[in-house]
>>> print(open('run29.cif').read())   # mmCIF, C-alpha atoms
data_input
#
loop_
_atom_site.label_atom_id
_atom_site.label_comp_id
_atom_site.auth_asym_id
_atom_site.auth_seq_id
_atom_site.Cartn_x
_atom_site.Cartn_y
_atom_site.Cartn_z
CA MET A 1 36.20 17.82 36.94
CA SER A 2 34.64 15.51 34.41
CA GLY A 3 32.81 13.82 37.27
CA ARG A 4 31.29 17.16 38.23
CA VAL A 5 30.26 17.89 34.63
CA PHE A 6 28.76 14.43 34.43
CA SER A 7 26.75 14.84 37.63
CA ALA A 8 25.54 18.26 36.47
CA VAL A 9 24.37 16.68 33.21
CA ALA A 10 22.81 13.80 35.12
CA LEU A 11 20.96 16.29 37.34
CA VAL A 12 19.58 18.17 34.33
CA VAL A 13 18.52 14.91 32.69
CA ALA A 14 16.93 13.77 35.95
CA MET A 15 14.95 16.99 36.19
CA VAL A 16 13.72 16.80 32.58
CA VAL A 17 13.04 13.08 32.32
CA PRO A 18 11.14 11.41 35.12
CA ALA A 19 12.90 8.36 36.47
CA ARG A 20 12.35 5.12 34.50
CA ALA A 21 10.32 6.67 31.72
CA ALA A 22 11.93 5.65 28.46
CA THR A 23 11.36 6.50 24.83
CA ILE A 24 10.97 3.53 22.55
CA GLU A 25 11.17 3.75 18.79
CA ILE A 26 8.96 1.65 16.58
CA THR A 27 9.60 1.94 12.86
CA MET A 28 7.45 1.25 9.84
CA ASP A 29 9.65 0.68 6.85
CA ASN A 30 8.80 -1.01 3.56
CA LEU A 31 5.47 -2.17 5.01
CA VAL A 32 7.05 -3.88 8.00
CA ILE A 33 6.71 -2.86 11.66
CA SER A 34 9.87 -3.34 13.68
CA PRO A 35 10.46 -4.54 16.25
CA ALA A 36 7.49 -6.84 15.75
CA GLU A 37 7.33 -7.40 19.48
CA ILE A 38 8.60 -5.09 22.19
CA SER A 39 8.10 -4.50 25.91
CA ALA A 40 7.60 -1.14 27.55
CA LYS A 41 6.33 0.23 30.82
CA VAL A 42 3.40 2.44 31.71
CA GLY A 43 4.65 6.03 31.40
CA ASP A 44 7.04 5.24 28.54
CA THR A 45 6.76 7.14 25.30
CA ILE A 46 6.53 5.38 21.96
CA THR A 47 7.94 7.23 19.00
CA TRP A 48 6.31 5.90 15.87
CA ILE A 49 8.48 6.48 12.80
CA ASN A 50 7.00 6.02 9.34
CA LYS A 51 9.83 5.76 6.80
CA ASP A 52 7.49 4.79 3.97
CA VAL A 53 5.97 6.94 1.26
CA PHE A 54 2.66 5.40 2.27
CA ALA A 55 0.41 6.58 5.07
CA HIS A 56 0.17 4.11 7.93
CA THR A 57 -1.64 3.84 11.23
CA ALA A 58 -0.76 2.16 14.51
CA THR A 59 -4.15 0.92 15.59
CA ALA A 60 -4.63 -1.11 18.75
CA LYS A 61 -7.07 -3.98 18.37
CA ASN A 62 -8.43 -3.25 21.83
CA GLY A 63 -8.96 0.43 21.01
CA ASP A 64 -6.20 1.74 23.31
CA PHE A 65 -4.65 3.85 20.56
CA ASP A 66 -5.09 4.79 16.92
CA VAL A 67 -2.14 6.82 15.70
CA MET A 68 -2.12 8.36 12.21
CA LEU A 69 1.25 8.33 10.49
CA PRO A 70 1.39 10.32 7.25
CA PRO A 71 4.21 9.40 4.81
CA LYS A 72 7.71 10.08 6.19
CA LYS A 73 6.35 11.44 9.48
CA SER A 74 6.61 10.40 13.07
CA ALA A 75 4.35 10.72 16.09
CA THR A 76 4.54 9.94 19.79
CA SER A 77 2.21 8.43 22.30
CA VAL A 78 2.54 7.92 26.03
CA LEU A 79 1.55 4.51 27.39
CA LYS A 80 -1.11 4.82 30.04
CA LYS A 81 -2.38 1.28 30.58
CA ALA A 82 -0.68 -2.05 31.12
CA GLY A 83 -1.46 -5.03 28.95
CA THR A 84 -0.47 -6.91 25.83
CA ILE A 85 -1.66 -4.89 22.89
CA ASP A 86 -1.87 -6.29 19.39
CA TYR A 87 -1.89 -3.52 16.86
CA TYR A 88 -1.87 -3.17 13.08
CA CYS A 89 -2.05 -0.67 10.24
CA ARG A 90 -5.66 -0.06 9.21
CA TYR A 91 -4.58 0.68 5.64
CA HIS A 92 -2.26 -2.33 5.35
CA PRO A 93 -3.62 -5.00 7.68
CA ASN A 94 -0.68 -7.29 6.90
CA MET A 95 1.40 -4.97 9.06
CA LYS A 96 0.96 -6.37 12.56
CA ALA A 97 2.93 -6.20 15.80
CA THR A 98 2.63 -6.57 19.54
CA LEU A 99 3.39 -4.15 22.33
CA LYS A 100 3.69 -5.47 25.88
CA VAL A 101 3.07 -2.76 28.42
CA GLU A 102 4.16 -3.66 31.92
CA PRO A 103 2.79 -1.82 34.95
CA MET B 1 -28.20 -13.78 -22.24
CA PHE B 2 -26.41 -10.53 -22.95
CA VAL B 3 -25.22 -10.34 -19.35
CA ARG B 4 -23.83 -13.83 -19.55
CA TRP B 5 -22.08 -13.04 -22.82
CA SER B 6 -20.45 -9.88 -21.46
CA ALA B 7 -19.29 -11.71 -18.35
CA ALA B 8 -17.72 -14.34 -20.55
CA ALA B 9 -16.09 -11.65 -22.65
CA ALA B 10 -14.78 -9.92 -19.54
CA ALA B 11 -13.35 -13.20 -18.30
CA ALA B 12 -11.72 -13.74 -21.66
CA ILE B 13 -10.16 -10.28 -21.54
CA LEU B 14 -8.88 -10.82 -18.03
CA LEU B 15 -7.49 -14.24 -18.88
CA SER B 16 -5.87 -13.13 -22.08
CA SER B 17 -4.31 -9.96 -20.70
CA PRO B 18 -1.54 -11.53 -18.62
CA ALA B 19 -0.66 -13.53 -21.73
CA LEU B 20 -0.50 -10.27 -23.58
CA LEU B 21 1.89 -8.86 -21.02
CA GLN B 22 3.92 -12.04 -21.25
CA SER B 23 4.10 -12.00 -25.01
CA ALA B 24 5.30 -8.41 -25.06
CA GLY B 25 8.09 -9.54 -22.77
CA ALA B 26 8.86 -12.70 -24.64
CA ALA B 27 9.20 -10.90 -27.95
CA ASP B 28 11.61 -8.40 -26.48
CA LYS B 29 12.34 -7.45 -22.93
CA PRO B 30 10.81 -4.08 -21.98
CA THR B 31 13.30 -1.30 -21.42
CA ASP B 32 13.37 0.78 -18.23
CA PRO B 33 11.52 3.72 -19.88
CA GLN B 34 8.83 1.26 -21.01
CA ILE B 35 8.65 -0.43 -17.61
CA ALA B 36 8.25 2.96 -15.95
CA HIS B 37 5.42 3.77 -18.36
CA ILE B 38 3.67 0.44 -17.76
CA ALA B 39 3.94 0.74 -13.97
CA TYR B 40 2.70 4.33 -13.98
CA THR B 41 -0.17 3.49 -16.34
CA ALA B 42 -1.17 0.54 -14.16
CA GLY B 43 -1.31 2.93 -11.19
CA VAL B 44 -3.38 5.53 -13.01
CA ILE B 45 -5.86 2.82 -14.02
CA ASP B 46 -6.46 1.80 -10.43
CA ILE B 47 -6.69 5.45 -9.34
CA ASN B 48 -9.40 6.07 -11.95
CA ALA B 49 -11.24 2.92 -10.89
CA ALA B 50 -11.08 4.09 -7.26
CA LYS B 51 -12.42 7.54 -8.19
CA GLN B 52 -15.33 5.92 -9.97
CA ALA B 53 -15.96 3.71 -6.94
CA GLN B 54 -15.90 6.69 -4.60
CA LYS B 55 -18.78 8.14 -6.57
CA LYS B 56 -20.75 4.96 -7.12
CA ALA B 57 -20.04 2.50 -4.32
CA LYS B 58 -22.79 1.77 -1.85
CA SER B 59 -21.07 -0.31 0.82
CA LYS B 60 -18.99 1.47 3.45
CA GLU B 61 -16.31 -1.18 3.18
CA VAL B 62 -16.05 -0.78 -0.58
CA LYS B 63 -15.79 3.00 -0.22
CA ALA B 64 -13.01 2.58 2.35
CA PHE B 65 -11.22 0.12 0.07
CA ALA B 66 -11.39 2.60 -2.82
CA GLU B 67 -9.96 5.28 -0.57
CA ASP B 68 -7.06 2.96 0.35
CA MET B 69 -6.38 2.27 -3.33
CA LEU B 70 -6.38 5.96 -4.14
CA ARG B 71 -3.99 6.79 -1.30
CA ASP B 72 -1.47 4.02 -2.02
CA HIS B 73 -1.46 4.17 -5.81
CA GLU B 74 -1.06 7.95 -5.75
CA ALA B 75 1.87 7.54 -3.35
CA VAL B 76 3.55 4.95 -5.60
CA ASN B 77 3.02 7.04 -8.72
CA LYS B 78 4.38 10.13 -6.99
CA GLN B 79 7.51 8.12 -6.18
CA ALA B 80 7.68 6.84 -9.73
CA LEU B 81 7.51 10.38 -11.14
CA ALA B 82 10.21 11.56 -8.74
CA LEU B 83 12.40 8.62 -9.75
CA VAL B 84 12.10 9.07 -13.52
CA LYS B 85 12.89 12.75 -13.03
CA LYS B 86 15.93 11.92 -10.92
CA LEU B 87 17.15 9.32 -13.41
CA ASN B 88 16.36 11.64 -16.30
CA VAL B 89 14.27 8.95 -17.95
CA THR B 90 11.28 9.73 -20.15
CA PRO B 91 8.62 7.04 -19.77
CA GLU B 92 7.96 5.49 -23.16
CA ASP B 93 4.51 4.44 -24.32
CA ASN B 94 4.30 0.88 -25.58
CA ASP B 95 1.87 -1.85 -26.62
CA THR B 96 1.48 -3.22 -23.07
CA SER B 97 0.55 0.22 -21.70
CA LYS B 98 -1.88 0.72 -24.58
CA ALA B 99 -3.51 -2.68 -24.04
CA LEU B 100 -3.84 -2.01 -20.31
CA SER B 101 -5.45 1.39 -20.93
CA LYS B 102 -7.85 -0.04 -23.50
CA GLN B 103 -8.89 -2.85 -21.15
CA ALA B 104 -9.34 -0.38 -18.29
CA GLY B 105 -11.38 2.03 -20.40
CA ASP B 106 -13.75 -0.77 -21.37
CA LYS B 107 -14.03 -1.85 -17.75
CA LEU B 108 -14.82 1.69 -16.54
CA ALA B 109 -17.59 1.94 -19.14
CA GLU B 110 -18.95 -1.46 -18.16
CA LEU B 111 -18.96 -0.62 -14.44
CA ASP B 112 -20.48 2.77 -15.13
CA LYS B 113 -23.70 1.04 -16.21
CA LEU B 114 -24.02 -0.69 -12.85
CA SER B 115 -25.17 0.75 -9.55
CA GLY B 116 -25.63 -0.14 -5.89
CA ALA B 117 -24.67 -3.64 -4.76
CA ALA B 118 -24.14 -4.80 -8.35
CA PHE B 119 -21.52 -2.09 -8.85
CA ASP B 120 -19.83 -2.91 -5.54
CA LYS B 121 -19.50 -6.59 -6.46
CA ALA B 122 -18.26 -5.93 -9.97
CA TYR B 123 -15.75 -3.27 -8.85
CA VAL B 124 -14.27 -5.46 -6.13
CA ALA B 125 -14.18 -8.54 -8.36
CA ASN B 126 -12.30 -6.51 -10.94
CA GLU B 127 -9.91 -5.18 -8.28
CA VAL B 128 -9.06 -8.78 -7.35
CA ALA B 129 -8.49 -9.75 -10.97
CA TYR B 130 -6.64 -6.56 -11.84
CA HIS B 131 -4.23 -6.75 -8.91
CA LYS B 132 -3.58 -10.41 -9.73
CA GLN B 133 -2.78 -9.45 -13.28
CA VAL B 134 -0.51 -6.55 -12.33
CA ASN B 135 1.24 -8.54 -9.59
CA SER B 136 1.92 -11.39 -11.96
CA ALA B 137 3.31 -8.96 -14.55
CA LEU B 138 5.50 -7.33 -11.91
CA GLU B 139 6.79 -10.64 -10.64
CA THR B 140 7.42 -12.45 -13.88
CA GLN B 141 8.23 -9.65 -16.25
CA LEU B 142 8.70 -6.09 -15.01
CA ILE B 143 10.91 -6.69 -11.97
CA PRO B 144 13.20 -9.23 -13.69
CA SER B 145 13.53 -6.93 -16.72
CA ALA B 146 14.28 -3.70 -14.83
CA SER B 147 17.94 -2.85 -15.06
CA ASN B 148 18.13 0.24 -12.85
CA ALA B 149 18.40 -0.79 -9.20
CA GLU B 150 16.20 2.04 -7.90
CA LEU B 151 13.48 1.27 -10.42
CA LYS B 152 13.66 -2.42 -9.49
CA SER B 153 13.39 -1.54 -5.82
CA LEU B 154 10.36 0.71 -6.40
CA LEU B 155 8.69 -2.08 -8.37
CA GLN B 156 9.40 -4.51 -5.53
CA THR B 157 7.81 -2.14 -3.02
CA GLY B 158 4.90 -1.80 -5.42
CA LEU B 159 4.52 -5.58 -5.64
CA LYS B 160 4.50 -5.88 -1.88
CA ILE B 161 1.84 -3.23 -1.43
CA PHE B 162 -0.28 -4.52 -4.34
CA GLN B 163 -0.19 -8.06 -2.95
CA GLY B 164 -1.71 -6.54 0.19
CA HIS B 165 -4.33 -4.83 -1.99
CA GLN B 166 -5.16 -8.14 -3.65
CA GLN B 167 -5.69 -9.81 -0.26
CA HIS B 168 -7.73 -6.84 0.91
CA ALA B 169 -9.87 -6.99 -2.25
CA GLU B 170 -10.35 -10.75 -1.81
CA HIS B 171 -11.43 -10.15 1.76
CA VAL B 172 -13.93 -7.44 0.74
CA ALA B 173 -15.21 -9.66 -2.09
CA ALA B 174 -15.83 -12.49 0.40
CA GLU B 175 -17.72 -10.10 2.70
CA LEU B 176 -20.00 -8.97 -0.12
CA LYS B 177 -21.18 -12.51 -0.84
#
>>> encode(input="run29.cif", output="structure tokens")
Amino acid sequence: MSGRVFSAVALVVAMVVPARAATIEITMDNLVISPAEISAKVGDTITWINKDVFAHTATAKNGDFDVMLPPKKSATSVLKKAGTIDYYCRYHPNMKATLKVEP
Amino acid sequence: MFVRWSAAAAAAILLSSPALLQSAGAADKPTDPQIAHIAYTAGVIDINAAKQAQKKAKSKEVKAFAEDMLRDHEAVNKQALALVKKLNVTPEDNDTSKALSKQAGDKLAELDKLSGAAFDKAYVANEVAYHKQVNSALETQLIPSASNAELKSLLQTGLKIFQGHQQHAEHVAAELK
């Protein structure tokens, strides 16, 4: 019985979420990006969470993305290209981190 | 000659002001309502400086810096107001706040006479000096004196963000040379 419920849930999840695509959370809190380094795959979604009262950005040095994060807001972006991306906050350039996107 | 004299006077004011903050602390430790007033006043001063710069600055980088100052200092002061309301504290005016305001008023008037690249340089140089002064006051006096944990924590966040501003201002100052 519980096995059947489980497989029904698994089927629904499988239909909604394409295989392998994951959602990864990256948080900006007290002017620190964490995790400072994380790996993801092409197709994964990054959820950027700004816990600060300050506006931040997640800006890729190579121009791949530039996400605006108003105070206490979050945003998502889907990773489209592989590569090691260094990014920072344009308003607070001391906030730096690296995102490794695998194919 | 006059220019040289006023620069010397400005340097003297900047150099003497941290001492002034220190002496207020040495005589008697500021209370939380006084600390809140000092911190809020310090924020308003930089907001006013940024508003002046938005009108007068020539360089794109200086304009962007002023916009960053406005955004962050308004955010900190909004937090500060919410906190004093929550704690039911009325910020209390004091000699340090008055001295800061007087110094800032003089600076605004001085910068108002400048324009173009001369304004940009003077504004950014003052931002470096001002953030140094405020950060030193936060570090050595305001944070250690704050007794409420939430106020202390807000001041610590402020210090962290203002240290970033100081670095940013130093960077912009170096670019203008």
>>> interface_residues(input="run29.cif", of="chain B", to="chain A", cutoff="10 Å", atoms="only C-alpha atoms", output="ChimeraX atom specification")
/B:64-65,67-69,71-76,78-79,156-158,160-161,163-165,167-168
>>> resolve_selection(input="run29.cif", expression="the PyMOL selection byres ((chain B and resi 83) around 12)", output="ChimeraX atom specification")
/B:32-33,36,40,76-82,84-91,148-155
>>> resolve_selection(input="run29.cif", expression="the PyMOL selection byres ((chain A and resi 87) around 6)", output="PDB file with C-alpha atoms, in the coordinates of the input")
ATOM      1  CA  THR A  59      -4.150   0.920  15.590  1.00  0.00           C
ATOM      2  CA  ALA A  60      -4.630  -1.110  18.750  1.00  0.00           C
ATOM      3  CA  LYS A  61      -7.070  -3.980  18.370  1.00  0.00           C
ATOM      4  CA  ASP A  86      -1.870  -6.290  19.390  1.00  0.00           C
ATOM      5  CA  TYR A  88      -1.870  -3.170  13.080  1.00  0.00           C
ATOM      6  CA  LYS A  96       0.960  -6.370  12.560  1.00  0.00           C
ATOM      7  CA  ALA A  97       2.930  -6.200  15.800  1.00  0.00           C
TER       8      ALA A  97
END
>>> residues_around(input="run29.cif", residues="stretch 38-46 of chain A", least_positions_apart="4", cutoff="12 Å", atoms="all atoms listed in the file", output="ChimeraX atom specification")
/A:17-27,33-34,58,65,67,74-87,97-103
>>> residues_around(input="run29.cif", residues="stretch 41-49 of chain B", least_positions_apart="3", cutoff="9 Å", atoms="only C-alpha atoms", output="PDB file with C-alpha atoms, keeping the file's coordinate frame")
ATOM      1  CA  ALA B  36       8.250   2.960 -15.950  1.00  0.00           C
ATOM      2  CA  HIS B  37       5.420   3.770 -18.360  1.00  0.00           C
ATOM      3  CA  ILE B  38       3.670   0.440 -17.760  1.00  0.00           C
ATOM      4  CA  GLN B  52     -15.330   5.920  -9.970  1.00  0.00           C
ATOM      5  CA  ALA B  53     -15.960   3.710  -6.940  1.00  0.00           C
ATOM      6  CA  GLN B  54     -15.900   6.690  -4.600  1.00  0.00           C
ATOM      7  CA  ALA B  66     -11.390   2.600  -2.820  1.00  0.00           C
ATOM      8  CA  MET B  69      -6.380   2.270  -3.330  1.00  0.00           C
ATOM      9  CA  LEU B  70      -6.380   5.960  -4.140  1.00  0.00           C
ATOM     10  CA  ARG B  71      -3.990   6.790  -1.300  1.00  0.00           C
ATOM     11  CA  HIS B  73      -1.460   4.170  -5.810  1.00  0.00           C
ATOM     12  CA  GLU B  74      -1.060   7.950  -5.750  1.00  0.00           C
ATOM     13  CA  VAL B  76       3.550   4.950  -5.600  1.00  0.00           C
ATOM     14  CA  ASN B  77       3.020   7.040  -8.720  1.00  0.00           C
ATOM     15  CA  SER B  97       0.550   0.220 -21.700  1.00  0.00           C
ATOM     16  CA  LYS B  98      -1.880   0.720 -24.580  1.00  0.00           C
ATOM     17  CA  LEU B 100      -3.840  -2.010 -20.310  1.00  0.00           C
ATOM     18  CA  SER B 101      -5.450   1.390 -20.930  1.00  0.00           C
ATOM     19  CA  ALA B 104      -9.340  -0.380 -18.290  1.00  0.00           C
ATOM     20  CA  GLY B 105     -11.380   2.030 -20.400  1.00  0.00           C
ATOM     21  CA  LYS B 107     -14.030  -1.850 -17.750  1.00  0.00           C
ATOM     22  CA  LEU B 108     -14.820   1.690 -16.540  1.00  0.00           C
ATOM     23  CA  TYR B 123     -15.750  -3.270  -8.850  1.00  0.00           C
ATOM     24  CA  GLU B 127      -9.910  -5.180  -8.280  1.00  0.00           C
ATOM     25  CA  TYR B 130      -6.640  -6.560 -11.840  1.00  0.00           C
ATOM     26  CA  HIS B 131      -4.230  -6.750  -8.910  1.00  0.00           C
ATOM     27  CA  VAL B 134      -0.510  -6.550 -12.330  1.00  0.00           C
TER      28      VAL B 134
END
>>> atom_distance(input="run29.cif", atom1="atom CA of A:Thr47", atom2="atom CA of B:Leu159")
28.0 Å
>>> atom_distance(input="run29.cif", atom1="atom CA of B:Glu110", atom2="atom CA of B:Ala122")
9.4 Å
>>> resolve_selection(input="run29.cif", expression="the PyMOL selection byres ((chain A and resi 69) around 6)", output="PyMOL selection string")
chain A and resi 55-57+68+70
>>> atom_distance(input="run29.cif", atom1="atom CA of B:Ala174", atom2="atom CA of B:Val128")
10.9 Å
>>> closest_residue(input="run29.cif", among="B:Asn94, B:Phe162, B:Leu111, B:Lys121", to="B:Leu138", atoms="all atoms listed in the file")
B:Phe162
>>> residues_around(input="run29.cif", residues="A:Lys51", least_positions_apart="2", cutoff="6 Å", atoms="all atoms listed in the file", output="PDB file with C-alpha atoms, in the coordinates of the input")
ATOM      1  CA  MET A  28       7.450   1.250   9.840  1.00  0.00           C
ATOM      2  CA  ASP A  29       9.650   0.680   6.850  1.00  0.00           C
ATOM      3  CA  LYS A  72       7.710  10.080   6.190  1.00  0.00           C
TER       4      LYS A  72
END
